[in-house]
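K.L.:
Got a structure for you, written out below as structure tokens; questions coming shortly.
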Amino acid sequence: MPVPSAEFKRALKRLSDKEKEALLLRAARRDAELYDTLSFELLPDVTTETVFEQASDQIHELFAVGATGRLLNRSLTKALGKATKEVARARRITKDKRLEVDLNLYTLRHIFENYTGQFESVYAGFYTSTARLAARTAQLILQNLHEDLWLEYKPELDDFLQQLHARTKSRSLKFELPRELELPD
């Protein structure tokens with residue numbers, strides 16, 4: 001992404017309010033994420049909760065529509081990849097790291113409630129992607145959230161990690177999957 005030069009900034013300052021508004025509206029029409037970011041920044045009724053609801057609805061829809069067909073494991077892996085991109089998009093819009101953790105946990109909750117039977121498939125893609133998401137979520141909690149919030153997330157994440165470790169595929173992972181959310185002393 002290009003960094004605006006000093007000359008660009010000066011040219012922008014010379015524009016009238018009407019020209020700035022037209023330019024901003026044109027840019028928002030072209031880029032859906034910019035539109036969502038501006039809506040979040042400018043409109044009082046677009047809050048973190050509404051962004052969470054929209055993203056969680058989109059994640060639910062990805063699994064409901066995308067997880068079908070003959071090769072269910074592969075379609076679940078694709079749906080999980082798209083869900084991860086939706087979580088990243090919501091974080092970019094709000095700049096809220098707790099929202100990212102909450103949406104990751106929502107995705108994991110949805111997987112463990114509906115699709116754990118696919119962990120035993122011959123293909124390890126969906127299991128591996130889910131394990132990566134769980135490990136990344138544990139890392140995000142420790143790195144980006146305040147210590148007081150760690151205990152709030154620990155029981156649910158520990159349950160997901162234990163369920164993942166209970167599968168035989170956990171031994172063949174090429175990365176370290178924690179057994180629990182390890183809180184520093």
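By order in the structure tokens, chains are A, B, ...; within a chain, residues start at 1; ligands start at 1, following the order shown.
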Neighbouring residues of stretch 132-141 of chain A were defined as those with any atom within 7 Å, considering only C-alpha atoms; residues of the same chain fewer than 3 positions away were excluded. Please report them as an MDAnalysis selection string.
P.N.:
chainID A and resid 101 104 128:129 144:145 150 161 177:178 181
K.L.:
Selected residues, N, CA and C atoms, written as a PDB file, in the first residue's frame, please.
P.N.:
ATOM      1  N   VAL A 101     -10.205 -12.234  18.264  1.00  0.00           N
ATOM      2  CA  VAL A 101     -10.229 -13.417  19.124  1.00  0.00           C
ATOM      3  C   VAL A 101     -11.650 -13.957  19.244  1.00  0.00           C
ATOM      4  N   ASN A 104     -12.600 -15.683  16.028  1.00  0.00           N
ATOM      5  CA  ASN A 104     -11.898 -16.970  15.925  1.00  0.00           C
ATOM      6  C   ASN A 104     -12.580 -18.017  16.804  1.00  0.00           C
ATOM      7  N   THR A 128      -5.986 -29.981  10.184  1.00  0.00           N
ATOM      8  CA  THR A 128      -4.789 -29.155  10.320  1.00  0.00           C
ATOM      9  C   THR A 128      -5.148 -27.668  10.353  1.00  0.00           C
ATOM     10  N   SER A 129      -6.076 -27.247   9.500  1.00  0.00           N
ATOM     11  CA  SER A 129      -6.492 -25.837   9.478  1.00  0.00           C
ATOM     12  C   SER A 129      -7.165 -25.441  10.781  1.00  0.00           C
ATOM     13  N   ASN A 144      -2.089 -10.135  22.629  1.00  0.00           N
ATOM     14  CA  ASN A 144      -2.815  -8.903  22.353  1.00  0.00           C
ATOM     15  C   ASN A 144      -3.858  -8.496  23.380  1.00  0.00           C
ATOM     16  N   LEU A 145      -4.229  -9.394  24.262  1.00  0.00           N
ATOM     17  CA  LEU A 145      -5.278  -9.059  25.219  1.00  0.00           C
ATOM     18  C   LEU A 145      -4.709  -8.841  26.610  1.00  0.00           C
ATOM     19  N   TRP A 150      -7.531 -13.142  29.987  1.00  0.00           N
ATOM     20  CA  TRP A 150      -7.015 -14.476  29.702  1.00  0.00           C
ATOM     21  C   TRP A 150      -7.879 -15.561  30.335  1.00  0.00           C
ATOM     22  N   LEU A 161      -8.593 -27.300  22.489  1.00  0.00           N
ATOM     23  CA  LEU A 161      -7.257 -27.870  22.345  1.00  0.00           C
ATOM     24  C   LEU A 161      -7.223 -29.326  22.800  1.00  0.00           C
ATOM     25  N   LEU A 177       1.158 -27.689  18.666  1.00  0.00           N
ATOM     26  CA  LEU A 177      -0.199 -27.379  19.117  1.00  0.00           C
ATOM     27  C   LEU A 177      -0.196 -27.425  20.637  1.00  0.00           C
ATOM     28  N   PRO A 178      -0.454 -26.296  21.291  1.00  0.00           N
ATOM     29  CA  PRO A 178      -0.438 -26.319  22.770  1.00  0.00           C
ATOM     30  C   PRO A 178      -1.539 -27.211  23.319  1.00  0.00           C
ATOM     31  N   LEU A 181      -4.118 -23.302  27.117  1.00  0.00           N
ATOM     32  CA  LEU A 181      -3.676 -21.917  27.121  1.00  0.00           C
ATOM     33  C   LEU A 181      -2.779 -21.726  28.330  1.00  0.00           C
TER      34      LEU A 181
END
K.L.:
Record the distance separating atom CA of A:Ala124 and atom CA of A:Lys97, expressed in Å with one decimal.
P.N.:
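If I compute the distance from atom CA of A:Ala124 to atom CA of A:Lys97, I get 29.0 Å.
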K.L.:
Ranking A:Gly66, A:Thr94, A:Lys85, A:Leu76 by minimum distance to A:Val46 and counting only C-alpha atoms, which one comes first?
P.N.:
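Among the listed residues, the smallest separation from A:Val46 belongs to A:Thr94.
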K.L.:
Taking only C-alpha atoms into account, which of A:Ile93, A:Gln58, A:Glu100, A:Glu53 comes nearest A:Ser39?
P.N.:
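Of A:Ile93, A:Gln58, A:Glu100, A:Glu53, the one nearest A:Ser39 is A:Ile93, counting only C-alpha atoms.
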